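A.B. asks: Structure: protein-v8.txt, compact mmCIF, C-alpha atoms and all ligand atoms.
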# COMPACT_ATOMS: atom_id res chain seq x y z
CA MET Z 850 71.12 89.55 139.04
CA PRO Z 851 74.53 89.36 140.77
CA ILE Z 852 77.54 89.11 138.42
CA ASP Z 853 78.58 85.66 139.68
CA GLU Z 854 75.09 84.33 139.02
CA ILE Z 855 75.08 85.67 135.43
CA THR Z 856 78.49 84.12 134.76
CA GLN Z 857 77.48 80.75 136.19
CA LYS Z 858 74.24 80.66 134.21
CA VAL Z 859 75.99 81.60 130.95
CA SER Z 860 78.68 78.97 131.53
CA ASP Z 861 76.08 76.28 132.35
CA ARG Z 862 74.16 77.19 129.23
CA TYR Z 863 77.19 76.80 126.94
CA ALA Z 864 78.39 73.65 128.70
CA ARG Z 865 74.99 72.12 128.07
CA ALA Z 866 74.97 73.23 124.43
CA ALA Z 867 78.48 71.87 123.82
CA SER Z 868 77.74 68.49 125.35
CA THR Z 869 74.50 68.01 123.43
CA GLY Z 870 75.68 69.61 120.18
CA GLU Z 871 72.65 71.92 120.32
CA GLN Z 872 72.35 74.41 117.43
CA MET Z 873 72.35 77.96 118.77
CA CYS Z 874 72.80 81.53 117.91
CA CYS Z 875 73.19 83.75 115.11
CA PRO Z 876 74.01 84.70 111.53
CA THR Z 877 77.55 83.76 110.46
CA SER Z 878 78.88 83.41 106.97
CA TYR Z 879 81.57 80.78 107.20
CA ASP Z 880 82.66 78.86 104.14
CA MET Z 881 81.82 75.55 105.83
CA ALA Z 882 83.03 73.40 102.93
CA ASP Z 883 86.45 74.99 103.26
CA LEU Z 884 86.54 74.66 107.06
CA GLN Z 885 85.45 71.01 106.87
CA SER Z 886 88.65 70.30 104.96
CA PHE Z 887 90.72 70.66 108.16
CA ILE Z 888 88.43 71.23 111.19
CA PRO Z 889 86.61 68.21 112.72
CA GLU Z 890 82.80 68.12 112.67
CA GLU Z 891 82.67 68.04 116.49
CA VAL Z 892 84.02 71.61 116.50
CA LEU Z 893 82.02 72.94 113.56
CA LYS Z 894 78.71 71.81 114.96
CA ILE Z 895 79.16 73.86 118.14
CA SER Z 896 80.03 77.08 116.34
CA TYR Z 897 78.02 79.68 118.28
CA GLY Z 898 79.37 82.92 116.83
CA CYS Z 899 77.39 85.83 115.40
CA GLY Z 900 79.72 86.79 112.57
CA THR Z 901 82.94 85.73 110.99
CA PRO Z 902 86.08 87.34 112.33
CA ALA Z 903 86.78 88.96 109.00
CA GLY Z 904 89.87 90.53 110.58
CA LEU Z 905 91.54 87.18 110.16
CA LYS Z 906 91.96 88.21 106.55
CA THR Z 907 94.48 90.77 107.79
CA VAL Z 908 96.59 88.18 109.64
CA SER Z 909 100.19 87.70 108.54
CA HIS Z 910 102.37 84.65 108.94
CA GLY Z 911 104.03 84.43 112.34
CA GLU Z 912 101.55 86.64 114.20
CA THR Z 913 100.02 85.95 117.62
CA VAL Z 914 96.22 85.84 117.70
CA LEU Z 915 94.03 85.77 120.83
CA ASP Z 916 90.41 84.55 120.68
CA ILE Z 917 88.29 85.66 123.66
CA GLY Z 918 85.58 83.08 124.40
CA SER Z 919 86.95 80.56 121.93
CA GLY Z 920 84.21 77.96 122.52
CA GLY Z 921 84.86 74.79 120.51
CA GLY Z 922 87.75 76.56 118.74
CA ILE Z 923 86.43 77.21 115.23
CA ASP Z 924 88.02 80.66 114.87
CA CYS Z 925 91.25 79.60 116.61
CA PHE Z 926 91.69 76.78 114.11
CA GLU Z 927 91.08 79.12 111.18
CA ALA Z 928 93.63 81.51 112.72
CA SER Z 929 96.03 78.58 113.14
CA ARG Z 930 95.96 78.00 109.40
CA LEU Z 931 96.45 81.70 108.60
CA VAL Z 932 99.33 82.47 110.96
CA GLY Z 933 101.19 79.36 109.77
CA PRO Z 934 103.37 77.06 111.86
CA THR Z 935 105.54 79.94 113.14
CA GLY Z 936 102.52 81.86 114.42
CA HIS Z 937 100.73 81.31 117.70
CA VAL Z 938 97.04 81.23 118.65
CA ILE Z 939 95.62 81.43 122.17
CA GLY Z 940 91.96 80.66 122.85
CA ILE Z 941 90.51 81.52 126.23
CA ASP Z 942 87.19 80.36 127.60
CA MET Z 943 85.59 80.02 131.03
CA THR Z 944 83.66 76.82 130.27
CA ASP Z 945 85.43 73.48 130.86
CA THR Z 946 83.26 71.52 128.41
CA MET Z 947 84.16 73.95 125.61
CA LEU Z 948 87.85 73.84 126.50
CA ALA Z 949 87.84 70.04 126.53
CA ILE Z 950 86.38 69.82 123.00
CA ALA Z 951 88.75 72.47 121.65
CA ARG Z 952 91.84 70.86 123.24
CA LYS Z 953 90.85 67.38 122.08
CA ASN Z 954 90.64 68.52 118.45
CA ALA Z 955 93.79 70.68 118.29
CA PRO Z 956 96.16 67.78 117.39
CA SER Z 957 94.02 66.62 114.44
CA VAL Z 958 93.79 70.18 113.08
CA ALA Z 959 97.61 70.40 113.27
CA VAL Z 960 97.93 67.11 111.39
CA ASN Z 961 95.41 68.25 108.75
CA LEU Z 962 97.41 71.45 108.28
CA GLY Z 963 100.70 69.53 108.02
CA TYR Z 964 102.20 71.14 111.17
CA ALA Z 965 104.75 69.20 113.29
CA SER Z 966 102.83 70.30 116.39
CA SER Z 967 99.80 72.42 117.14
CA ASN Z 968 100.33 76.19 117.27
CA VAL Z 969 97.06 76.64 119.21
CA GLU Z 970 96.64 76.51 122.97
CA PHE Z 971 93.44 76.83 124.96
CA ARG Z 972 93.58 78.48 128.39
CA LYS Z 973 90.86 78.60 130.99
CA GLY Z 974 90.11 82.22 131.82
CA MET Z 975 87.67 85.08 131.96
CA ALA Z 976 87.25 87.80 129.37
CA ASP Z 977 87.66 90.41 132.10
CA ALA Z 978 90.86 88.83 133.49
CA ILE Z 979 92.62 87.53 130.40
CA PRO Z 980 95.39 85.04 131.24
CA VAL Z 981 97.90 86.58 128.82
CA ILE Z 982 100.88 88.85 129.53
CA ASP Z 983 100.89 92.55 128.61
CA GLY Z 984 101.53 93.60 125.01
CA ALA Z 985 101.73 90.07 123.58
CA VAL Z 986 99.01 89.94 120.92
CA ASP Z 987 98.95 91.18 117.30
CA LEU Z 988 95.27 90.50 116.68
CA ILE Z 989 92.44 89.97 119.18
CA ILE Z 990 89.33 88.27 117.85
CA SER Z 991 86.11 87.36 119.60
CA ASN Z 992 82.86 86.00 118.27
CA CYS Z 993 79.67 86.66 120.19
CA VAL Z 994 81.17 86.66 123.67
CA ILE Z 995 81.63 90.15 125.07
CA ASN Z 996 77.85 90.70 125.29
CA LEU Z 997 77.90 87.76 127.73
CA ALA Z 998 80.42 89.41 130.05
CA PRO Z 999 78.82 91.40 132.86
CA ASP Z 1000 81.62 94.02 133.06
CA LYS Z 1001 82.43 95.04 129.49
CA ARG Z 1002 84.64 97.99 130.45
CA LYS Z 1003 86.95 95.58 132.23
CA VAL Z 1004 87.01 93.36 129.13
CA PHE Z 1005 87.93 96.30 126.87
CA ARG Z 1006 90.68 97.35 129.31
CA GLU Z 1007 92.04 93.81 129.32
CA MET Z 1008 92.01 93.71 125.52
CA PHE Z 1009 94.01 96.92 125.40
CA ARG Z 1010 96.50 95.60 127.97
CA VAL Z 1011 97.28 92.38 126.09
CA ALA Z 1012 97.43 93.99 122.62
CA LYS Z 1013 100.85 94.92 121.24
CA PRO Z 1014 101.36 98.60 120.41
CA GLY Z 1015 100.38 98.60 116.72
CA GLY Z 1016 98.05 95.64 117.38
CA ARG Z 1017 94.38 95.45 116.46
CA PHE Z 1018 91.12 93.71 117.22
CA THR Z 1019 88.25 92.36 115.14
CA ILE Z 1020 85.19 91.53 117.18
CA SER Z 1021 81.80 90.18 116.14
CA ASP Z 1022 79.13 90.82 118.75
CA ILE Z 1023 75.49 91.70 119.33
CA VAL Z 1024 74.52 95.32 120.00
CA ALA Z 1025 71.13 96.98 120.49
CA ASP Z 1026 69.67 100.13 118.94
CA GLN Z 1027 68.62 101.37 122.41
CA ALA Z 1028 69.44 100.61 126.02
CA VAL Z 1029 68.20 97.13 126.97
CA PRO Z 1030 65.53 97.62 129.67
CA GLN Z 1031 65.97 96.18 133.14
CA TYR Z 1032 63.31 93.46 132.73
CA LEU Z 1033 65.45 91.95 129.96
CA VAL Z 1034 68.74 92.59 131.76
CA HIS Z 1035 67.38 90.47 134.63
CA ASP Z 1036 66.16 87.65 132.40
CA ALA Z 1037 68.70 84.85 132.89
CA GLU Z 1038 67.60 82.92 129.81
CA LYS Z 1039 68.11 85.91 127.54
CA TRP Z 1040 71.66 86.41 128.79
CA GLY Z 1041 72.56 83.09 127.24
CA ASP Z 1042 70.77 84.13 124.03
CA CYS Z 1043 73.22 87.05 123.64
CA LEU Z 1044 70.45 89.59 124.23
CA SER Z 1045 70.29 90.74 127.87
CA GLY Z 1046 73.91 91.82 128.00
CA ALA Z 1047 73.96 93.68 124.67
CA LEU Z 1048 75.23 97.27 124.83
CA THR Z 1049 74.08 100.02 122.50
CA LEU Z 1050 76.45 100.59 119.60
CA THR Z 1051 77.30 103.99 121.12
CA ASP Z 1052 78.32 102.46 124.46
CA TYR Z 1053 80.13 99.57 122.82
CA ILE Z 1054 82.38 101.78 120.71
CA ALA Z 1055 82.77 104.38 123.48
CA GLY Z 1056 83.91 101.58 125.82
CA MET Z 1057 86.61 100.57 123.37
CA VAL Z 1058 87.74 104.14 122.82
CA GLY Z 1059 87.71 104.62 126.61
CA ALA Z 1060 90.08 101.67 126.93
CA GLY Z 1061 92.46 103.30 124.44
CA PHE Z 1062 91.59 101.79 121.06
CA LEU Z 1063 91.19 104.15 118.07
CA GLY Z 1064 90.14 104.01 114.43
CA ILE Z 1065 87.14 101.88 115.37
CA HIS Z 1066 85.03 101.09 112.34
CA LEU Z 1067 82.45 98.69 111.01
CA LEU Z 1068 83.33 95.71 108.84
CA LYS Z 1069 79.92 94.12 108.65
CA SER Z 1070 76.46 94.14 110.21
CA SER Z 1071 73.37 92.00 109.97
CA PRO Z 1072 70.02 92.05 111.77
CA TRP Z 1073 69.60 89.45 114.51
CA GLN Z 1074 66.31 89.79 116.41
CA VAL Z 1075 63.68 92.35 117.34
CA ILE Z 1076 62.30 91.91 120.84
CA ASP Z 1077 59.71 94.30 122.26
CA GLY Z 1078 60.77 96.88 119.65
CA ILE Z 1079 64.46 96.62 120.46
CA HIS Z 1080 66.60 95.81 117.44
CA PHE Z 1081 69.49 93.47 118.17
CA VAL Z 1082 72.11 93.56 115.44
CA SER Z 1083 75.28 91.57 114.86
CA VAL Z 1084 78.23 93.86 114.13
CA THR Z 1085 81.84 93.13 113.30
CA LEU Z 1086 84.13 95.97 114.38
CA THR Z 1087 87.85 96.57 114.04
CA GLY Z 1088 90.06 99.01 115.96
CA TYR Z 1089 93.72 99.70 116.72
CA LYS Z 1090 96.10 100.13 119.61
CA LEU Z 1091 98.23 102.77 117.94
CA PRO Z 1092 102.00 102.52 118.29
CA THR Z 1093 103.43 104.54 121.17
CA GLY Z 1094 105.42 107.61 120.14
CA ALA Z 1095 104.07 108.95 116.87
CA PRO Z 1096 106.54 108.39 114.00
CA VAL Z 1097 108.46 111.39 112.67
CA SER Z 1098 106.51 112.80 109.75
CA ALA Z 1099 106.48 115.91 107.59
CA VAL Z 1100 102.67 115.90 107.60
CA ARG Z 1101 101.13 118.95 109.28
CA TYR Z 1102 97.68 119.23 107.63
CA ALA Z 1103 94.71 117.04 106.77
CA THR Z 1104 92.09 117.98 104.18
CA LEU Z 1105 88.79 116.13 104.27
CA ARG Z 1106 87.90 114.79 100.80
CA GLY Z 1107 84.34 113.64 101.56
CA PRO Z 1108 81.80 112.26 100.98
CA PHE Z 1109 80.99 113.60 104.47
CA SER Z 1110 80.86 117.39 104.49
CA ARG Z 1111 82.08 117.58 108.11
CA VAL Z 1112 83.50 115.00 110.51
CA VAL Z 1113 84.84 114.88 114.07
CA ASP Z 1114 87.57 112.29 114.70
CA GLU Z 1115 88.03 110.25 117.89
CA LEU Z 1116 90.66 112.69 119.17
CA GLY Z 1117 88.14 115.54 118.93
CA THR Z 1118 89.41 117.36 115.81
CA THR Z 1119 86.75 118.73 113.42
CA TYR Z 1120 87.33 118.74 109.65
CA LEU Z 1121 85.33 120.55 106.97
CA ARG Z 1122 85.48 119.14 103.47
CA GLY Z 1123 88.06 120.88 101.29
CA ILE Z 1124 89.57 122.99 104.10
CA PRO Z 1125 93.05 122.15 105.43
CA GLN Z 1126 93.07 121.41 109.16
CA PRO Z 1127 96.36 121.65 111.13
CA ILE Z 1128 96.98 118.32 112.92
CA THR Z 1129 99.27 116.93 115.62
CA PRO Z 1130 101.62 113.94 115.16
CA ASP Z 1131 99.15 111.72 117.09
CA THR Z 1132 96.42 112.67 114.66
CA VAL Z 1133 98.70 111.93 111.70
CA CYS Z 1134 99.08 108.45 113.13
CA LEU Z 1135 95.31 108.03 113.54
CA LEU Z 1136 94.47 109.34 110.07
CA SER Z 1137 97.06 106.99 108.55
CA GLN Z 1138 95.05 103.94 109.68
CA VAL Z 1139 93.37 102.00 106.87
CA PRO Z 1140 89.71 103.02 107.44
CA LEU Z 1141 90.56 106.73 107.57
CA VAL Z 1142 92.99 106.95 104.66
CA PRO Z 1143 90.40 107.34 101.87
CA HIS Z 1144 88.75 110.27 103.62
CA PHE Z 1145 91.76 112.62 103.84
CA ILE Z 1146 94.67 114.11 101.97
CA LEU Z 1147 97.61 114.50 104.34
CA SER Z 1148 100.12 117.21 103.42
CA SER Z 1149 103.06 119.17 104.77
CA GLY Z 1150 101.50 122.50 103.74
CA PRO Z 1151 97.85 123.63 103.67
CA LEU Z 1152 95.97 122.11 100.73
CA TRP Z 1153 92.56 123.40 99.63
CA LEU Z 1154 90.13 121.37 97.56
CA ASP Z 1155 87.08 122.49 95.64
CA ARG Z 1156 84.40 120.45 93.95
CA ALA Z 1157 86.11 120.74 90.56
CA ASP Z 1158 89.01 118.73 91.99
CA ASP Z 1159 88.97 114.97 91.26
CA ARG Z 1160 89.88 114.28 94.87
CA TRP Z 1161 86.71 116.00 96.22
CA THR Z 1162 84.03 113.38 96.84
CA ALA Z 1163 80.32 113.87 97.48
CA VAL Z 1164 77.05 112.00 97.18
CA TYR Z 1165 74.17 114.43 96.74
CA PRO Z 1166 70.54 113.49 97.46
CA ALA Z 1167 68.23 113.24 94.47
CA ASP Z 1168 66.04 116.27 93.84
CA ALA Z 1169 62.91 114.17 94.25
CA PRO Z 1170 60.14 113.49 96.74
CA CYS Z 1171 61.00 111.19 99.59
CA LEU Z 1172 59.14 108.64 101.66
CA TRP Z 1173 59.37 107.94 105.35
CA GLN Z 1174 59.46 104.15 105.55
CA GLY Z 1175 60.80 103.51 109.03
CA TYR Z 1176 64.53 103.48 108.28
CA PHE Z 1177 67.08 104.64 110.83
CA ALA Z 1178 70.83 105.01 110.26
CA MET Z 1179 73.49 104.46 112.93
CA LEU Z 1180 77.00 105.76 112.23
CA ALA Z 1181 79.46 103.04 113.28
CA GLY Z 1182 82.78 104.92 113.08
CA PRO Z 1183 85.50 105.73 112.26
CA PHE Z 1184 84.17 109.18 113.25
CA VAL Z 1185 82.41 110.33 116.40
CA GLU Z 1186 80.19 112.64 114.38
CA ALA Z 1187 79.67 113.23 110.67
CA ALA Z 1188 77.42 115.35 108.44
CA ASP Z 1189 76.22 114.68 104.90
CA ASP Z 1190 75.19 117.10 102.13
CA ASP Z 1191 71.56 117.17 103.23
CA ASN Z 1192 72.06 118.63 106.74
CA HIS Z 1193 71.90 115.32 108.59
CA VAL Z 1194 74.26 115.04 111.54
CA TYR Z 1195 75.03 111.44 112.47
CA ARG Z 1196 76.39 110.77 115.96
CA ARG Z 1197 78.17 107.47 116.47
CA GLY Z 1198 75.75 104.70 117.38
CA GLU Z 1199 72.68 106.98 117.68
CA PRO Z 1200 69.78 105.95 115.40
CA LEU Z 1201 68.73 108.84 113.16
CA GLU Z 1202 65.49 108.56 111.17
CA ILE Z 1203 66.10 108.84 107.44
CA CYS Z 1204 63.79 108.99 104.42
CA SER Z 1205 64.04 106.91 101.24
CA LYS Z 1206 66.16 109.58 99.56
CA THR Z 1207 68.74 109.59 102.33
CA LEU Z 1208 68.70 105.79 102.41
CA LYS Z 1209 69.82 105.86 98.75
CA VAL Z 1210 72.60 108.30 99.61
CA LEU Z 1211 73.82 106.13 102.50
CA GLU Z 1212 73.80 103.05 100.27
CA ALA Z 1213 76.40 104.70 98.00
CA ASP Z 1214 79.97 103.36 98.18
CA GLY Z 1215 81.53 106.21 100.17
CA TYR Z 1216 78.90 106.00 102.92
CA ALA Z 1217 77.65 102.42 103.05
CA PRO Z 1218 80.57 100.87 104.97
CA HIS Z 1219 80.05 103.27 107.88
CA PHE Z 1220 76.37 102.72 108.68
CA VAL Z 1221 74.14 100.15 110.32
CA ILE Z 1222 70.64 100.57 108.89
CA ILE Z 1223 67.56 99.28 110.72
CA ASN Z 1224 63.86 99.52 109.98
CA ARG Z 1225 61.71 100.22 113.02
CA ALA Z 1226 58.45 100.12 111.08
CA GLY Z 1227 58.58 96.42 110.28
CA GLN Z 1228 57.42 95.18 106.90
CA SER Z 1229 54.24 97.20 106.60
CA ALA Z 1230 55.42 100.79 106.02
CA SER Z 1231 54.78 101.88 102.46
CA GLY Z 1232 55.55 105.48 103.30
CA ASP Z 1233 52.84 106.59 100.87
CA ALA Z 1234 50.97 108.59 103.47
CA VAL Z 1235 53.95 110.67 104.46
CA THR Z 1236 55.43 111.62 101.14
CA CYS Z 1237 57.23 114.95 101.20
CA SER Z 1238 58.85 117.09 98.57
CA PRO Z 1239 62.00 119.17 98.90
CA ASP Z 1240 60.19 122.12 97.23
CA GLU Z 1241 57.45 122.16 99.82
CA GLY Z 1242 59.77 122.09 102.84
CA GLY Z 1243 59.45 119.66 105.71
CA CYS Z 1244 61.56 117.12 103.88
CA CYS Z 1245 64.85 115.82 105.18
C1 LIG Z 1301 78.25 82.30 122.00
S1 LIG Z 1301 79.59 81.25 122.44
C2 LIG Z 1301 80.74 81.62 121.16
C3 LIG Z 1301 81.86 80.63 121.06
C4 LIG Z 1301 82.84 80.85 119.92
N1 LIG Z 1301 83.39 82.16 119.93
C5 LIG Z 1301 82.19 80.56 118.58
O1 LIG Z 1301 82.18 81.46 117.73
O2 LIG Z 1301 81.71 79.45 118.40
C6 LIG Z 1301 80.24 82.07 123.86
C7 LIG Z 1301 81.48 81.42 124.45
O3 LIG Z 1301 82.09 82.38 125.32
C8 LIG Z 1301 82.34 81.79 126.58
N2 LIG Z 1301 82.19 82.89 127.54
C9 LIG Z 1301 81.06 83.57 127.82
N3 LIG Z 1301 81.31 84.55 128.70
C10 LIG Z 1301 82.63 84.48 128.98
C11 LIG Z 1301 83.48 85.23 129.85
N4 LIG Z 1301 83.02 86.23 130.57
N5 LIG Z 1301 84.78 84.89 129.90
C12 LIG Z 1301 85.27 83.85 129.16
N6 LIG Z 1301 84.50 83.09 128.34
C13 LIG Z 1301 83.20 83.41 128.25
C14 LIG Z 1301 81.33 80.69 126.73
O4 LIG Z 1301 81.81 79.68 127.59
C15 LIG Z 1301 81.19 80.20 125.28
O5 LIG Z 1301 82.12 79.20 124.99
Write out the structure in this file as structure tokens.
C.D. replies:
Amino acid sequence: MPIDEITQKVSDRYARAASTGEQMCCPTSYDMADLQSFIPEEVLKISYGCGTPAGLKTVSHGETVLDIGSGGGIDCFEASRLVGPTGHVIGIDMTDTMLAIARKNAPSVAVNLGYASSNVEFRKGMADAIPVIDGAVDLIISNCVINLAPDKRKVFREMFRVAKPGGRFTISDIVADQAVPQYLVHDAEKWGDCLSGALTLTDYIAGMVGAGFLGIHLLKSSPWQVIDGIHFVSVTLTGYKLPTGAPVSAVRYATLRGPFSRVVDELGTTYLRGIPQPITPDTVCLLSQVPLVPHFILSSGPLWLDRADDRWTAVYPADAPCLWQGYFAMLAGPFVEAADDDNHVYRRGEPLEICSKTLKVLEADGYAPHFVIINRAGQSASGDAVTCSPDEGGCC
């Protein structure tokens, strides 16, 4: 399908939904009672996101927030409250009907929040040609939109362009556990359902890294649909446009604490748990970002750790039989590759089959935030027939 045709069909679909108030889309976890206290019903009922932009929790007063594909404006209005009257929120959308509803409701939200005038504006524009000047935005959010854009690389490049150095994004979107086949890609109806345009998690994160973002990591995931064996999952990801010119720092080494036994960061450096790794100033900057901090000890001189040290972390698999029940784990950052203590090597976004024992390991605190877990066997797998024991070999 030509790009213009996809865009037109998606826009028609959302215009129709907005004008009829049709219920659509995916799992979100808004506190609706709270939102109803200041956002009109007309906006809330056309909330078509697939997550909650949890990154809004990181917003400070006075910041500028951009919402790509703002729809009826639900996330813009929540951002409006959080940035306060001195902050600024820009929603962009390509669909006139959506823009009209959002614009119409902005003044009442401002009144409900006690602002002298609205701090939200809605601009007509495309995700791959964002009508915002370079380096203007502290936080970019988007809720179930980028999968609808035919050229995602262009969208990621645009996001990087408009973000301030030191800025960040939090995006909820639909990804797939494998490449979406052509017969679905060319299904116009499924574009509007946020399915046909879904990237794999690997390609999604690689696209963002390719655009220049780093420290990309998972905030949340939840299953969405399984179609013809393809698992579509809603993920919420955050990443950073690191400040230009790494700050002066005495740090020269990073020692991996665990629980991973080995990791490769997005700049290509490999770390082995407990062994000091010399690092560059750019890497110091990357490893100082929130999601990476708990994994490392940064030091000016080489620092070795052994397992007797409190700072060494590990989650060992139980010495017990395991069952193959259809579970697969997908690493979702902040590393490109990571190994556990049972010889599994997880590559970002690539589903790796795991047994019940490994599932338990990955559900532990140090691991759980980094993985999307899917079950390709459906409900029926008991695993009984494929029990294995570590003593007999052949186990994971
Ligand atoms: C699934 S709805 C989500 C709306 C909103 N984010 C929410 O959470 O309710 C997708 C929205 O993105 C807009 N949209 C889709 N593709 C777009 C694109 N390429 N550029 C700009 N807006 C787009 C649609 O018009 C629609 O309003």
A.B. asks: List the neighbours of Leu1152 of chain Z out to 7 Å using all atoms listed in the file; skip same-chain residues closer than 2 positions along the sequence, and give me the result as a VMD selection string.
C.D. replies: chain Z and resid 1104 1125 1148 1150 1154
A.B. asks: Using all atoms listed in the file, find each protein or nucleic acid residue lying at most 7 Å from ligand LIG 1301 (chain Z); present the set as a VMD selection string.
C.D. replies: chain Z and resid 856 859 to 860 863 874 895 to 899 917 to 924 941 to 944 947 974 to 977 991 to 995 997 to 998
A.B. asks: Tell me, as an mmCIF file with C-alpha atoms, keeping the file's coordinate frame, which residues lie within 7 Å of Pro1072 of chain Z, counting all atoms listed in the file; anything in the same chain fewer than 5 positions away does not count.
C.D. replies:
data_model
loop_
_atom_site.group_PDB
_atom_site.id
_atom_site.type_symbol
_atom_site.label_atom_id
_atom_site.label_comp_id
_atom_site.auth_asym_id
_atom_site.auth_seq_id
_atom_site.Cartn_x
_atom_site.Cartn_y
_atom_site.Cartn_z
ATOM 1 C CA PHE Z 1081 69.490 93.470 118.170
ATOM 2 C CA VAL Z 1082 72.110 93.560 115.440
ATOM 3 C CA SER Z 1083 75.280 91.570 114.860
#
A.B. asks: Quick one: everything within 6 Å of segment 1112-1120 of chain Z, counting only C-alpha atoms, minus sequence neighbours fewer than 2 positions away in the same chain. Send it as a list in words.
C.D. replies: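 Neighbouring residues, sequence-local ones excluded: Phe1184, Val1185, Glu1186 and Ala1187 of chain Z.
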A.B. asks: Output the selection as a PDB file, keeping the file's coordinate frame - C-alpha atoms for each residue.
C.D. replies:
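The resulting file, part_17.pdb, is shown below:
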ATOM      1  CA  PHE Z1184      84.170 109.180 113.250  1.00  0.00           C
ATOM      2  CA  VAL Z1185      82.410 110.330 116.400  1.00  0.00           C
ATOM      3  CA  GLU Z1186      80.190 112.640 114.380  1.00  0.00           C
ATOM      4  CA  ALA Z1187      79.670 113.230 110.670  1.00  0.00           C
TER       5      ALA Z1187
END
A.B. asks: Taking all atoms of segment 1176-1185 of chain Z that appear in the file, build a box with edges along x, y and z, extend it by 6 Å on every side, and state its centre and edge lengths in Å to one decimal, as AutoDock Vina command-line options.
C.D. replies:
--center_x 75.0 --center_y 106.7 --center_z 112.3 --size_x 33.0 --size_y 19.3 --size_z 20.1
A.B. asks: Do you have the atom CA of Arg1225 of chain Z-atom CA of Tyr1176 of chain Z distance handy?
C.D. replies: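 These atoms are spaced 6.4 Å apart.
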